[in-house]
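Source file: input-v9.pdb; contents: PDB, C-alpha atoms.
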ATOM      1  CA  MET A  28    -186.627  84.117 -10.307
ATOM      2  CA  THR A  29    -182.922  83.309 -10.183
ATOM      3  CA  ILE A  30    -181.851  80.127  -8.403
ATOM      4  CA  PRO A  31    -179.447  81.055  -5.576
ATOM      5  CA  VAL A  32    -175.825  79.953  -5.734
ATOM      6  CA  ILE A  33    -175.370  77.622  -2.749
ATOM      7  CA  ASP A  34    -172.039  76.540  -1.260
ATOM      8  CA  VAL A  35    -172.752  73.253   0.545
ATOM      9  CA  HIS A  36    -169.257  72.668   1.988
ATOM     10  CA  ALA A  37    -168.124  75.382   4.401
ATOM     11  CA  HIS A  38    -166.924  75.282   8.012
ATOM     12  CA  ILE A  39    -167.361  77.668  10.907
ATOM     13  CA  LEU A  40    -166.169  78.038  14.502
ATOM     14  CA  THR A  41    -166.870  81.499  15.832
ATOM     15  CA  GLU A  42    -165.269  82.981  18.943
ATOM     16  CA  GLU A  43    -168.631  82.735  20.709
ATOM     17  CA  MET A  44    -168.837  79.037  19.849
ATOM     18  CA  MET A  45    -165.302  78.540  21.146
ATOM     19  CA  ALA A  46    -166.112  80.298  24.417
ATOM     20  CA  ARG A  47    -169.225  78.177  24.979
ATOM     21  CA  MET A  48    -167.239  75.008  24.302
ATOM     22  CA  ARG A  49    -164.433  76.052  26.673
ATOM     23  CA  ARG A  50    -166.950  76.599  29.444
ATOM     24  CA  GLU A  51    -168.281  73.081  28.880
ATOM     25  CA  ALA A  52    -164.872  71.420  28.450
ATOM     26  CA  PRO A  53    -161.953  73.624  29.565
ATOM     27  CA  ASP A  54    -159.314  71.013  28.696
ATOM     28  CA  ILE A  55    -160.286  70.632  25.050
ATOM     29  CA  GLY A  56    -162.353  73.740  24.293
ATOM     30  CA  PRO A  57    -161.091  75.531  21.169
ATOM     31  CA  THR A  58    -158.665  78.433  21.522
ATOM     32  CA  LEU A  59    -157.202  80.961  19.105
ATOM     33  CA  SER A  60    -153.656  82.280  19.287
ATOM     34  CA  GLU A  61    -151.178  84.186  17.114
ATOM     35  CA  VAL A  62    -154.081  86.130  15.629
ATOM     36  CA  ASP A  63    -153.435  88.666  12.876
ATOM     37  CA  ALA A  64    -155.412  90.263  10.062
ATOM     38  CA  GLU A  65    -155.488  87.047   8.037
ATOM     39  CA  GLY A  66    -155.987  84.352  10.649
ATOM     40  CA  GLY A  67    -154.509  82.568  13.607
ATOM     41  CA  VAL A  68    -153.751  79.185  15.120
ATOM     42  CA  LEU A  69    -156.668  77.019  16.280
ATOM     43  CA  ARG A  70    -156.183  74.465  19.034
ATOM     44  CA  VAL A  71    -158.789  71.866  19.983
ATOM     45  CA  GLY A  72    -157.285  69.656  22.654
ATOM     46  CA  ASP A  73    -154.198  68.149  21.025
ATOM     47  CA  ILE A  74    -155.260  69.152  17.507
ATOM     48  CA  VAL A  75    -153.518  72.196  16.037
ATOM     49  CA  GLN A  76    -154.776  73.871  12.854
ATOM     50  CA  ARG A  77    -152.218  76.262  11.370
ATOM     51  CA  PRO A  78    -153.312  78.464   9.759
ATOM     52  CA  PHE A  79    -156.935  78.903  10.724
ATOM     53  CA  PRO A  80    -158.040  81.601   8.268
ATOM     54  CA  ARG A  81    -159.899  84.565   9.704
ATOM     55  CA  GLY A  82    -163.099  83.771   7.836
ATOM     56  CA  GLY A  83    -163.425  80.697  10.034
ATOM     57  CA  TRP A  84    -164.592  82.883  12.914
ATOM     58  CA  ASP A  85    -165.034  86.426  11.572
ATOM     59  CA  LEU A  86    -168.528  86.860  10.085
ATOM     60  CA  ASP A  87    -167.672  90.177   8.431
ATOM     61  CA  ARG A  88    -164.784  88.535   6.568
ATOM     62  CA  ARG A  89    -166.975  85.583   5.650
ATOM     63  CA  LEU A  90    -169.739  87.768   4.242
ATOM     64  CA  ALA A  91    -167.210  89.775   2.235
ATOM     65  CA  ASP A  92    -165.760  86.544   0.864
ATOM     66  CA  LEU A  93    -169.215  85.288  -0.072
ATOM     67  CA  ASP A  94    -169.621  88.404  -2.206
ATOM     68  CA  ILE A  95    -166.184  87.894  -3.785
ATOM     69  CA  ALA A  96    -167.073  84.288  -4.583
ATOM     70  CA  GLY A  97    -170.565  85.105  -5.848
ATOM     71  CA  PHE A  98    -172.216  82.754  -3.363
ATOM     72  CA  ASP A  99    -175.738  83.692  -2.333
ATOM     73  CA  LEU A 100    -176.033  81.113   0.437
ATOM     74  CA  GLN A 101    -173.595  79.014   2.401
ATOM     75  CA  VAL A 102    -174.356  75.814   4.299
ATOM     76  CA  LEU A 103    -172.448  76.083   7.588
ATOM     77  CA  SER A 104    -170.941  72.984   9.195
ATOM     78  CA  ASN A 105    -168.599  72.439  12.116
ATOM     79  CA  CYS A 106    -164.839  72.382  11.637
ATOM     80  CA  PRO A 107    -163.676  68.743  11.424
ATOM     81  CA  GLN A 108    -161.259  69.397  14.298
ATOM     82  CA  THR A 109    -164.315  69.410  16.576
ATOM     83  CA  PHE A 110    -165.718  65.987  15.675
ATOM     84  CA  LEU A 111    -164.122  64.633  18.900
ATOM     85  CA  TYR A 112    -165.280  61.052  18.395
ATOM     86  CA  GLU A 113    -162.444  59.855  20.646
ATOM     87  CA  ARG A 114    -163.902  61.588  23.705
ATOM     88  CA  GLU A 115    -166.531  60.336  26.141
ATOM     89  CA  ALA A 116    -169.845  60.307  24.307
ATOM     90  CA  ALA A 117    -171.750  62.517  26.736
ATOM     91  CA  LEU A 118    -169.099  65.229  26.490
ATOM     92  CA  THR A 119    -168.991  65.096  22.698
ATOM     93  CA  ALA A 120    -172.792  65.215  22.635
ATOM     94  CA  ALA A 121    -172.784  68.341  24.794
ATOM     95  CA  LEU A 122    -170.222  70.019  22.531
ATOM     96  CA  CYS A 123    -172.236  69.001  19.465
ATOM     97  CA  GLN A 124    -175.337  70.595  20.967
ATOM     98  CA  ILE A 125    -173.449  73.831  21.596
ATOM     99  CA  GLN A 126    -172.225  73.973  18.010
ATOM    100  CA  ASN A 127    -175.572  72.993  16.523
ATOM    101  CA  GLU A 128    -177.444  75.615  18.502
ATOM    102  CA  ALA A 129    -174.876  78.236  17.525
ATOM    103  CA  ILE A 130    -175.143  77.296  13.845
ATOM    104  CA  ALA A 131    -178.934  77.516  14.124
ATOM    105  CA  GLU A 132    -178.506  81.029  15.523
ATOM    106  CA  LEU A 133    -176.289  81.945  12.557
ATOM    107  CA  VAL A 134    -178.991  80.716  10.170
ATOM    108  CA  ARG A 135    -181.093  83.536  11.630
ATOM    109  CA  HIS A 136    -178.360  86.118  10.957
ATOM    110  CA  PRO A 137    -179.820  89.334   9.471
ATOM    111  CA  SER A 138    -177.879  88.828   6.235
ATOM    112  CA  GLY A 139    -180.027  85.801   5.410
ATOM    113  CA  ARG A 140    -176.994  84.176   3.782
ATOM    114  CA  PHE A 141    -176.667  81.018   5.872
ATOM    115  CA  LEU A 142    -178.124  77.532   6.103
ATOM    116  CA  GLY A 143    -176.764  74.969   8.539
ATOM    117  CA  ILE A 144    -176.077  71.311   9.201
ATOM    118  CA  ALA A 145    -175.303  69.619  12.506
ATOM    119  CA  THR A 146    -172.412  67.713  14.002
ATOM    120  CA  LEU A 147    -173.190  64.467  15.823
ATOM    121  CA  PRO A 148    -171.630  62.288  18.577
ATOM    122  CA  MET A 149    -171.098  59.413  16.173
ATOM    123  CA  GLN A 150    -169.367  57.201  18.773
ATOM    124  CA  ASP A 151    -172.834  56.790  20.341
ATOM    125  CA  PRO A 152    -175.214  56.078  17.452
ATOM    126  CA  ALA A 153    -178.375  56.364  19.549
ATOM    127  CA  ARG A 154    -177.343  59.801  20.805
ATOM    128  CA  ALA A 155    -176.287  60.762  17.298
ATOM    129  CA  ALA A 156    -179.647  59.773  15.810
ATOM    130  CA  ASP A 157    -181.457  61.704  18.529
ATOM    131  CA  GLU A 158    -179.316  64.796  17.964
ATOM    132  CA  LEU A 159    -179.866  64.588  14.214
ATOM    133  CA  ARG A 160    -183.620  64.484  14.780
ATOM    134  CA  ARG A 161    -183.423  67.431  17.195
ATOM    135  CA  ALA A 162    -181.229  69.411  14.814
ATOM    136  CA  VAL A 163    -183.604  68.955  11.891
ATOM    137  CA  THR A 164    -186.992  69.122  13.618
ATOM    138  CA  LYS A 165    -186.260  71.586  16.442
ATOM    139  CA  LEU A 166    -183.310  73.694  15.290
ATOM    140  CA  GLY A 167    -184.186  73.886  11.604
ATOM    141  CA  LEU A 168    -180.876  72.513  10.348
ATOM    142  CA  LYS A 169    -180.768  70.631   7.050
ATOM    143  CA  GLY A 170    -178.826  67.545   8.050
ATOM    144  CA  ALA A 171    -175.377  66.769   9.412
ATOM    145  CA  GLN A 172    -171.696  66.608   8.616
ATOM    146  CA  ILE A 173    -170.016  63.413   9.780
ATOM    147  CA  GLY A 174    -166.446  62.158   9.732
ATOM    148  CA  SER A 175    -165.101  59.536   7.351
ATOM    149  CA  HIS A 176    -164.735  57.031  10.198
ATOM    150  CA  ILE A 177    -165.419  56.803  13.910
ATOM    151  CA  GLU A 178    -162.064  56.133  15.529
ATOM    152  CA  GLY A 179    -161.220  53.437  12.990
ATOM    153  CA  ARG A 180    -164.749  52.070  12.549
ATOM    154  CA  ASN A 181    -165.897  52.417   8.965
ATOM    155  CA  LEU A 182    -169.282  53.859   8.092
ATOM    156  CA  ASP A 183    -170.808  50.454   7.338
ATOM    157  CA  ASP A 184    -170.448  49.447  11.002
ATOM    158  CA  PRO A 185    -173.783  47.816  11.949
ATOM    159  CA  ALA A 186    -174.006  49.968  15.073
ATOM    160  CA  LEU A 187    -174.556  53.035  12.861
ATOM    161  CA  GLU A 188    -177.836  51.769  11.382
ATOM    162  CA  PRO A 189    -180.011  54.068  13.575
ATOM    163  CA  ILE A 190    -178.251  57.095  12.092
ATOM    164  CA  TRP A 191    -178.856  56.045   8.500
ATOM    165  CA  ALA A 192    -182.467  55.144   9.197
ATOM    166  CA  THR A 193    -183.085  58.502  10.857
ATOM    167  CA  ALA A 194    -181.315  60.432   8.118
ATOM    168  CA  GLU A 195    -183.371  58.752   5.394
ATOM    169  CA  GLU A 196    -186.606  59.266   7.314
ATOM    170  CA  LEU A 197    -185.891  62.985   7.782
ATOM    171  CA  GLY A 198    -184.599  63.560   4.254
ATOM    172  CA  ALA A 199    -181.443  64.902   5.899
ATOM    173  CA  PHE A 200    -178.463  66.096   3.891
ATOM    174  CA  ILE A 201    -175.386  64.126   5.024
ATOM    175  CA  LEU A 202    -171.973  65.591   4.223
ATOM    176  CA  ILE A 203    -169.074  63.177   4.735
ATOM    177  CA  HIS A 204    -165.772  64.853   5.575
ATOM    178  CA  PRO A 205    -162.359  63.231   6.075
ATOM    179  CA  GLN A 206    -160.734  63.206   9.493
ATOM    180  CA  LYS A 207    -157.673  61.524  11.039
ATOM    181  CA  THR A 208    -156.442  60.295   7.703
ATOM    182  CA  ALA A 209    -155.075  56.854   6.929
ATOM    183  CA  ALA A 210    -151.412  56.277   6.054
ATOM    184  CA  GLY A 211    -150.426  59.053   8.438
ATOM    185  CA  GLU A 212    -146.779  58.033   8.763
ATOM    186  CA  ARG A 213    -146.285  57.919   5.009
ATOM    187  CA  THR A 214    -147.968  61.252   4.297
ATOM    188  CA  LYS A 215    -146.115  63.540   6.706
ATOM    189  CA  GLU A 216    -144.112  65.290   4.007
ATOM    190  CA  PHE A 217    -145.227  67.668   1.264
ATOM    191  CA  TYR A 218    -148.685  68.218   2.828
ATOM    192  CA  LEU A 219    -149.598  64.748   1.549
ATOM    193  CA  LYS A 220    -151.784  64.220   4.627
ATOM    194  CA  ASN A 221    -154.185  66.607   2.915
ATOM    195  CA  LEU A 222    -153.327  66.229  -0.775
ATOM    196  CA  ILE A 223    -153.642  62.436  -0.656
ATOM    197  CA  GLY A 224    -154.842  61.643   2.858
ATOM    198  CA  ASN A 225    -158.137  63.523   2.691
ATOM    199  CA  PRO A 226    -159.269  62.089  -0.672
ATOM    200  CA  LEU A 227    -158.168  58.639   0.495
ATOM    201  CA  GLU A 228    -160.314  58.959   3.619
ATOM    202  CA  THR A 229    -163.329  59.977   1.552
ATOM    203  CA  THR A 230    -162.741  57.019  -0.762
ATOM    204  CA  ILE A 231    -162.601  54.523   2.101
ATOM    205  CA  ALA A 232    -165.751  55.988   3.642
ATOM    206  CA  ALA A 233    -167.668  55.883   0.377
ATOM    207  CA  ALA A 234    -166.527  52.361  -0.532
ATOM    208  CA  SER A 235    -167.607  51.176   2.911
ATOM    209  CA  LEU A 236    -171.081  52.626   2.386
ATOM    210  CA  VAL A 237    -171.261  50.980  -1.034
ATOM    211  CA  PHE A 238    -169.891  47.502  -0.305
ATOM    212  CA  GLY A 239    -171.345  47.399   3.200
ATOM    213  CA  GLY A 240    -174.797  47.714   1.645
ATOM    214  CA  VAL A 241    -175.755  50.921   3.446
ATOM    215  CA  LEU A 242    -176.776  52.698   0.245
ATOM    216  CA  GLU A 243    -178.620  49.614  -0.975
ATOM    217  CA  ARG A 244    -180.595  49.383   2.297
ATOM    218  CA  TYR A 245    -181.251  53.136   2.409
ATOM    219  CA  PRO A 246    -181.545  54.132  -1.258
ATOM    220  CA  ASP A 247    -183.027  57.550  -0.479
ATOM    221  CA  LEU A 248    -180.116  58.776   1.631
ATOM    222  CA  ARG A 249    -178.707  62.128   0.478
ATOM    223  CA  VAL A 250    -175.000  61.570   0.990
ATOM    224  CA  CYS A 251    -172.498  64.071  -0.415
ATOM    225  CA  LEU A 252    -168.768  63.347  -0.611
ATOM    226  CA  VAL A 253    -166.482  66.365  -0.344
ATOM    227  CA  HIS A 254    -163.358  67.032  -2.411
ATOM    228  CA  GLY A 255    -164.996  65.697  -5.556
ATOM    229  CA  GLY A 256    -165.625  62.324  -3.953
ATOM    230  CA  GLY A 257    -161.969  61.584  -3.359
ATOM    231  CA  PHE A 258    -160.659  58.848  -5.647
ATOM    232  CA  LEU A 259    -163.913  56.861  -5.781
ATOM    233  CA  PRO A 260    -165.438  58.460  -8.910
ATOM    234  CA  PHE A 261    -162.332  57.691 -10.911
ATOM    235  CA  GLN A 262    -162.145  54.058  -9.735
ATOM    236  CA  THR A 263    -165.780  53.154 -10.308
ATOM    237  CA  GLY A 264    -164.804  50.666 -12.996
ATOM    238  CA  ARG A 265    -162.406  48.952 -10.623
ATOM    239  CA  MET A 266    -165.169  48.658  -8.020
ATOM    240  CA  ILE A 267    -167.512  47.118 -10.580
ATOM    241  CA  HIS A 268    -164.860  44.675 -11.784
ATOM    242  CA  GLY A 269    -164.025  43.643  -8.226
ATOM    243  CA  TRP A 270    -167.691  42.931  -7.504
ATOM    244  CA  LYS A 271    -167.872  40.665 -10.535
ATOM    245  CA  GLU A 272    -164.679  38.786  -9.726
ATOM    246  CA  ARG A 273    -164.457  38.610  -5.936
ATOM    247  CA  PRO A 274    -166.988  36.964  -3.585
ATOM    248  CA  GLU A 275    -166.083  39.247  -0.665
ATOM    249  CA  CYS A 276    -167.275  42.223  -2.716
ATOM    250  CA  ARG A 277    -170.699  40.595  -3.074
ATOM    251  CA  ARG A 278    -171.129  39.700   0.605
ATOM    252  CA  PHE A 279    -173.532  42.518   1.475
ATOM    253  CA  ILE A 280    -174.813  43.863  -1.849
ATOM    254  CA  LYS A 281    -177.025  42.162  -4.391
ATOM    255  CA  GLU A 282    -176.591  44.624  -7.229
ATOM    256  CA  SER A 283    -173.493  46.046  -8.874
ATOM    257  CA  PRO A 284    -171.713  48.700  -6.761
ATOM    258  CA  GLU A 285    -172.340  51.084  -9.628
ATOM    259  CA  ALA A 286    -175.967  51.382  -8.508
ATOM    260  CA  SER A 287    -174.954  52.560  -5.043
ATOM    261  CA  ILE A 288    -172.180  54.838  -6.333
ATOM    262  CA  ARG A 289    -174.744  56.544  -8.541
ATOM    263  CA  ARG A 290    -176.817  57.308  -5.444
ATOM    264  CA  LEU A 291    -173.973  59.437  -4.074
ATOM    265  CA  TYR A 292    -173.438  63.156  -4.571
ATOM    266  CA  PHE A 293    -170.124  64.926  -5.054
ATOM    267  CA  ASP A 294    -168.994  68.454  -4.411
ATOM    268  CA  THR A 295    -167.152  70.450  -7.081
ATOM    269  CA  LEU A 296    -163.880  70.816  -5.182
ATOM    270  CA  THR A 297    -161.532  69.149  -7.667
ATOM    271  CA  HIS A 298    -159.398  72.192  -8.628
ATOM    272  CA  PHE A 299    -159.328  70.757 -12.147
ATOM    273  CA  GLY A 300    -161.773  71.462 -14.943
ATOM    274  CA  PRO A 301    -161.521  68.028 -16.637
ATOM    275  CA  ALA A 302    -162.245  66.319 -13.305
ATOM    276  CA  LEU A 303    -165.350  68.432 -12.842
ATOM    277  CA  ARG A 304    -166.466  67.557 -16.343
ATOM    278  CA  TYR A 305    -165.838  63.873 -15.628
ATOM    279  CA  LEU A 306    -168.118  64.040 -12.584
ATOM    280  CA  THR A 307    -170.927  65.698 -14.503
ATOM    281  CA  ASP A 308    -170.524  63.518 -17.603
ATOM    282  CA  THR A 309    -170.357  60.279 -15.611
ATOM    283  CA  PHE A 310    -172.770  60.814 -12.711
ATOM    284  CA  GLY A 311    -174.969  63.644 -13.952
ATOM    285  CA  ALA A 312    -174.958  67.311 -13.047
ATOM    286  CA  ASP A 313    -177.824  66.657 -10.633
ATOM    287  CA  HIS A 314    -175.355  64.667  -8.495
ATOM    288  CA  VAL A 315    -172.745  67.433  -8.307
ATOM    289  CA  LEU A 316    -173.032  70.275  -5.776
ATOM    290  CA  LEU A 317    -171.016  73.459  -5.402
ATOM    291  CA  GLY A 318    -168.550  73.208  -2.505
ATOM    292  CA  SER A 319    -165.775  75.558  -1.422
ATOM    293  CA  ASP A 320    -164.246  74.055   1.774
ATOM    294  CA  TYR A 321    -164.268  77.602   3.151
ATOM    295  CA  PRO A 322    -162.199  78.910   4.897
ATOM    296  CA  PHE A 323    -159.355  76.398   4.622
ATOM    297  CA  ASP A 324    -156.310  76.690   2.379
ATOM    298  CA  MET A 325    -157.285  73.730   0.188
ATOM    299  CA  GLY A 326    -160.619  75.367  -0.575
ATOM    300  CA  THR A 327    -161.422  77.993  -3.168
ATOM    301  CA  LEU A 328    -163.618  81.031  -3.726
ATOM    302  CA  GLU A 329    -163.500  80.324  -7.464
ATOM    303  CA  GLY A 330    -165.942  77.414  -7.465
ATOM    304  CA  ALA A 331    -168.923  79.162  -9.052
ATOM    305  CA  ARG A 332    -166.719  80.714 -11.724
ATOM    306  CA  GLN A 333    -165.093  77.329 -12.386
ATOM    307  CA  VAL A 334    -168.508  75.753 -12.915
ATOM    308  CA  ARG A 335    -169.493  78.530 -15.306
ATOM    309  CA  ALA A 336    -166.223  78.090 -17.208
ATOM    310  CA  ALA A 337    -166.678  74.337 -17.620
ATOM    311  CA  GLY A 338    -168.791  74.632 -20.767
ATOM    312  CA  LEU A 339    -171.805  72.849 -19.318
ATOM    313  CA  ALA A 340    -175.342  73.077 -20.612
ATOM    314  CA  SER A 341    -177.252  75.854 -18.881
ATOM    315  CA  GLY A 342    -179.527  73.442 -17.042
ATOM    316  CA  ASP A 343    -176.575  71.411 -15.775
ATOM    317  CA  GLU A 344    -174.787  74.556 -14.632
ATOM    318  CA  ALA A 345    -177.882  75.725 -12.762
ATOM    319  CA  ALA A 346    -178.293  72.335 -11.062
ATOM    320  CA  ILE A 347    -174.729  72.379  -9.755
ATOM    321  CA  LEU A 348    -174.714  76.000  -8.650
ATOM    322  CA  GLY A 349    -177.803  75.644  -6.518
ATOM    323  CA  GLY A 350    -180.724  74.003  -8.266
ATOM    324  CA  THR A 351    -180.353  70.560  -6.717
ATOM    325  CA  ALA A 352    -179.459  71.784  -3.220
ATOM    326  CA  GLY A 353    -182.072  74.520  -3.388
ATOM    327  CA  GLY A 354    -184.733  71.983  -4.224
ATOM    328  CA  TRP A 355    -183.794  69.876  -1.217
ATOM    329  CA  PHE A 356    -183.781  72.899   1.065
ATOM    330  CA  GLY A 357    -186.943  74.465  -0.330
ATOM    331  CA  LEU A 358    -185.067  77.474  -1.773
ATOM    332  CA  ASN A 359    -185.032  76.884  -5.505
ATOM    333  CA  THR A 360    -187.189  79.915  -6.312
ATOM    334  CA  THR A 361    -185.343  82.362  -4.046
ATOM    335  CA  SER A 362    -183.269  85.038  -5.752
ATOM    336  CA  ARG A 363    -180.198  86.713  -4.370
ATOM    337  CA  GLU A 364    -182.129  89.963  -4.139
ATOM    338  CA  THR A 365    -184.678  88.261  -1.923
ATOM    339  CA  VAL A 366    -181.993  86.605   0.214
ATOM    340  CA  SER A 367    -180.146  89.867   0.751
ATOM    341  CA  ALA A 368    -183.202  92.010   1.475
TER     342      ALA A 368
END

Take the structure from the file and write it as structure tokens.
Amino acid sequence: MTIPVIDVHAHILTEEMMARMRREAPDIGPTLSEVDAEGGVLRVGDIVQRPFPRGGWDLDRRLADLDIAGFDLQVLSNCPQTFLYEREAALTAALCQIQNEAIAELVRHPSGRFLGIATLPMQDPARAADELRRAVTKLGLKGAQIGSHIEGRNLDDPALEPIWATAEELGAFILIHPQKTAAGERTKEFYLKNLIGNPLETTIAAASLVFGGVLERYPDLRVCLVHGGGFLPFQTGRMIHGWKERPECRRFIKESPEASIRRLYFDTLTHFGPALRYLTDTFGADHVLLGSDYPFDMGTLEGARQVRAAGLASGDEAAILGGTAGGWFGLNTTSRETVSA
């Protein structure tokens, strides 16, 4: 049977989810305005997302776009605007629960086209670990999406150990997504906050996991970096050289950072064929997963076609398009015909 094409990087915030969140937190609950056929403006507290494409909340548009893209399944995650790590932990936890339960409901949508991962109150690691366990064992979600930092604390912060231990124990899929990017003042122009800021955030997050020893302590973590891994994959040699030359790079890891970098996974969202080939050639196709960043403007519906156009061996192509993710999620023998029935 055909392995399903699985998009592992896609965000959702339906109108029902927004309404539930507004009831819980009227001052920061998401709102839509200036809505037209293509999208609107999303506000979450002080955060404004313009545009917020219609597929972000409209399931009919999303399903039509899945068909256009040739995606059989899509892993739904929260919109990064709703991480809300700066808020009081109990409130963020309540809003996470609302989103996670709503995503779990969408997984049961009659189309059969959705999987889901949770969002967590990362500013309270104990709560976050508990919510991850609930999401996986009670709600049937496959893991969690987390931000690239927690209000300036990098992901190797010792307080986060319960989250990593729980994620490894559960075999949870962890998607790391940039938020509140560094160098904000210097990236205001030319959309650099996204073009450079987002990959920079991913790079800092990944390097913290590597040099902080998180991936050495938890070698079975399934951590995926969006946007092709940011700049990290292309600076692996620099990381290795720094570890050899500088004692501070060896403070928490015994082996070369290359070993930990090779434990990471990367999505395909590079918008550049040679970069995609570099990822597969350097880290192996089994460490590259199809990701679209749907519905945002820096995403693409062309990901599956780009993978097929990359000239990869058939087995490598199949691994990227859904074989690896499908194996994790227990779906690697499910065909599109079965999914859509």

(message) Taking the file as I've supplied it (selection: the PyMOL selection byres ((chain A and resi 228) around 9)), which residues are included? Please answer as a VMD selection string.
(response) chain A and resid 175 to 176 204 to 209 223 to 227 229 to 233 257

(message) Using all atoms listed in the file for the distances, tell me which of A:Gly256, A:Gly318, A:Pro57, A:Pro152 is nearest to Ile33 of chain A.
(response) A:Gly318

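Atom CA of Gly354 of chain A is found 25.6 Å from atom CA of Gln126 of chain A.
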
Padding 5 Å on every side, please: axis-aligned box over the listed atoms of segment 340-352 of chain A, centre and edge lengths to one decimal in Å, as lines of an AutoDock Vina configuration file.
center_x = -177.7
center_y = 73.3
center_z = -11.9
size_x = 16.0
size_y = 15.4
size_z = 27.4

(request) Would you work out the distance separating atom CA of Ala96 of chain A from atom CA of Arg289 of chain A, expressed in Å to one decimal? (result)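 Distance between the two atoms: 29.1 Å.
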
(request) Write out as a list in words which residues come within 12 Å of Tyr245 of chain A when counting only C-alpha atoms, dropping same-chain ones fewer than 5 positions away. (result)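 Contacts, with the query itself left out: Asp183, Glu188, Pro189, Ile190, Trp191, Ala192, Thr193, Ala194, Glu195, Glu196, Gly198, Leu236, Val237, Gly239, Gly240, Val250, Ser287, Arg290 and Leu291 of chain A.
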
(request) Taking the file above as input, evaluate the PyMOL selection byres ((chain A and resi 100-111) around 6) and report the hits as a count of residues only. (result) 16

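What separates atom CA of Pro185 of chain A from atom CA of Asp313 of chain A is a distance of 29.7 Å.
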